[in-house]
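Heads up: the structure comes next, in structure tokens.
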Amino acid sequence: MASAPAPKHFLELRDFSREELDHLFARTRWIKDRFKRYETYQPLRDRTLAMVFEKASTRTRVSFEAGVNQLGGIAINLNRHDTQLSRGEPIEDVARVISRMVDVVMIRTFEQSVLERFAAHSRVPVINGLTNQFHPCQILADVYTYVEHRGSIAGRTVAWVGDGNNVCATWLQAAEILDFRVHVATPKGYEVDARAAGLKDASRLAVFADPMDACRGADLVTTDVWTSMGFEAESEERMRAFAGFEVDAAMMAQAKPDALFMHCLPAHRGEEVAAEVIDGPQSVVWDEAENRLHAQKALLEYLVCGRVDP
């Protein structure tokens, strides 16, 4: 008896080709349009999504749970203390069991290696809902949001201001796949690790000490909190290190006049972003947040059902 083919996973953005990402953007638009017209679309009837959370979440949980329900499926929410992981069961054994009972798994955890170990022993697709290293679902939604507002991101410049974290690293992957550049400005000691992100084309990345220089001529300016989850003990030190890296009106004025502002949320007004920016006319953060829902529905459709064309 032939063994089943290995499932398609979404552990990093670079797991998908440009053609696959373009397909997801097209499906996101189609699915969102139907949603806005209150038209039912349920390709995942009788399908189950298991959501495993080792890191707390608002947007990730709501967007995946609402999304799979809107597609006709059901979601099972598992926190670490709800499983035998809290009692030392190997992640490989958890993967073997859960993947025999559900159709797709989303995991939000700390180390990428945990996610990879789970996926290596899973019979079903596994989605990275966030790790310390990467956040591909966020960038899937972010790039779609840019496309929705401004068209193709190819040839554009994205300015990242702040911590060189998991979201920043995933922007580097997106730049290489989708043919745009990223300008990164971080305080010393908080640089993005381009090698760990897997960046092969150095021309996709330009590093700046001054965030004003990073924003100059950008089509999109984006940032994140200065202290990500799991780094709370460093909060005071980071507040000192990141002084001068708040995205404010002066910084946005260095970007193109029609530049957009994004933030993956939650945001701290008066720290990484000024209220006049996040609540201003160039901000698309609420569209960006909503698009997590629609982009992830397209992702679930693709992983569970394969390519669906209108």
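Just so we're on the same page: first chain in the structure tokens is A, next is B, and so on; residues restart at 1 for each chain, and ligands are numbered from 1 in the order they show up.
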
Among stretch 82-192 of chain A, which ones does DSSP place in strand (DSSP E), written as number ranges by chain? A: 104-108, 126-130, 157-161, 181-185

Would you export the selected residues with C-alpha atoms as a PDB file, in the first residue's frame, please?
```
ATOM      1  CA  VAL A 104      -5.272  20.986   9.923  1.00  0.00           C
ATOM      2  CA  VAL A 105      -3.309  22.322  12.915  1.00  0.00           C
ATOM      3  CA  MET A 106      -2.303  25.889  13.802  1.00  0.00           C
ATOM      4  CA  ILE A 107       0.395  26.326  16.450  1.00  0.00           C
ATOM      5  CA  ARG A 108       1.448  29.522  18.218  1.00  0.00           C
ATOM      6  CA  VAL A 126       0.562  22.611  10.063  1.00  0.00           C
ATOM      7  CA  ILE A 127       0.388  26.425  10.156  1.00  0.00           C
ATOM      8  CA  ASN A 128       2.745  28.734  12.023  1.00  0.00           C
ATOM      9  CA  GLY A 129       0.506  31.057  14.048  1.00  0.00           C
ATOM     10  CA  LEU A 130       3.656  32.763  15.415  1.00  0.00           C
ATOM     11  CA  THR A 157      10.075  49.792  -0.602  1.00  0.00           C
ATOM     12  CA  VAL A 158       8.941  48.773   2.872  1.00  0.00           C
ATOM     13  CA  ALA A 159      10.489  50.605   5.837  1.00  0.00           C
ATOM     14  CA  TRP A 160      10.695  48.671   9.095  1.00  0.00           C
ATOM     15  CA  VAL A 161      11.390  50.759  12.208  1.00  0.00           C
ATOM     16  CA  ARG A 181      13.078  45.962  -0.868  1.00  0.00           C
ATOM     17  CA  VAL A 182      13.042  46.362   2.898  1.00  0.00           C
ATOM     18  CA  HIS A 183      14.721  49.254   4.720  1.00  0.00           C
ATOM     19  CA  VAL A 184      15.403  48.301   8.331  1.00  0.00           C
ATOM     20  CA  ALA A 185      16.286  50.696  11.168  1.00  0.00           C
TER      21      ALA A 185
END
```

Quick one: everything within 12 Å of A:Asp309, counting only C-alpha atoms, minus sequence neighbours fewer than 2 positions away in the same chain. Send it as a count of residues only. 13

Proximity of stretch 221-268 of chain A to stretch 190-196 of chain A: per-residue shortest pair, 10 Å limit, only C-alpha atoms, as CSV:
```
residue,atom,partner,partner_atom,distance
A:Trp226,CA,A:Tyr190,CA,9.9
A:Arg238,CA,A:Tyr190,CA,9.3
A:Ala241,CA,A:Tyr190,CA,9.0
A:Phe242,CA,A:Tyr190,CA,9.3
```

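Proximity of A:Phe208, A:Phe10, A:Phe110, A:Phe261 to A:Gly230, computed with only C-alpha atoms, is greatest for A:Phe110.
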
Might you pull out every residue within 6 Å of stretch 46-50 of chain A, with only C-alpha atoms counted and same-chain residues fewer than 5 positions away left off, and present them as a PyMOL selection string? chain A and resi 73-76+102-105

May I have the residues from that selection written out with C-alpha atoms, as an mmCIF file, in the first residue's frame?
```cif
data_model
loop_
_atom_site.group_PDB
_atom_site.id
_atom_site.type_symbol
_atom_site.label_atom_id
_atom_site.label_comp_id
_atom_site.auth_asym_id
_atom_site.auth_seq_id
_atom_site.Cartn_x
_atom_site.Cartn_y
_atom_site.Cartn_z
ATOM 1 C CA GLY A 73 -15.572 23.870 9.808
ATOM 2 C CA ILE A 74 -15.013 23.815 13.542
ATOM 3 C CA ALA A 75 -12.081 24.847 15.715
ATOM 4 C CA ILE A 76 -10.721 23.194 18.853
ATOM 5 C CA VAL A 102 -8.211 16.749 12.793
ATOM 6 C CA ASP A 103 -7.664 18.096 9.273
ATOM 7 C CA VAL A 104 -5.272 20.986 9.923
ATOM 8 C CA VAL A 105 -3.309 22.322 12.915
#
```

Nearby residues (only C-alpha atoms) at most 12 Å from A:Lys200, same-chain spacing under 2 positions excluded, as a PyMOL selection string: chain A and resi 14+172-177+194-198+202-205

Neighbours of A:Asp258 within 12 Å (only C-alpha atoms; same-chain residues fewer than 3 positions away dropped), as a CSV table (one decimal) with C-alpha atoms, in the first residue's frame?
```
chain,number,residue,atom,x,y,z
A,146,TYR,CA,-0.9,46.6,0.6
A,149,HIS,CA,-4.9,49.5,-1.3
A,150,ARG,CA,-2.0,50.1,-3.8
A,217,GLY,CA,11.1,57.3,-0.1
A,218,ALA,CA,9.3,54.3,1.4
A,219,ASP,CA,5.9,53.1,0.0
A,220,LEU,CA,5.0,51.5,3.4
A,221,VAL,CA,6.2,52.2,6.9
A,252,MET,CA,6.1,59.5,7.9
A,253,ALA,CA,6.8,62.8,6.1
A,254,GLN,CA,10.1,61.2,4.9
A,255,ALA,CA,8.1,58.5,3.1
A,261,PHE,CA,1.4,52.8,7.7
A,281,PRO,CA,-5.2,59.0,7.3
A,282,GLN,CA,-2.2,57.0,6.2
A,283,SER,CA,-2.9,54.2,8.6
A,284,VAL,CA,-4.5,51.0,7.4
```

Could you work out how far atom CA of A:Ser122 lies from atom CA of A:Ser63, giving the answer in Å with one decimal? 22.8 Å

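Computed from the coordinates, the atom CA of A:Val97 to atom CA of A:Asp82 distance equals 14.7 Å.
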
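Going from atom CA of A:Thr60 over to atom CA of A:Val147, you cover 21.3 Å.
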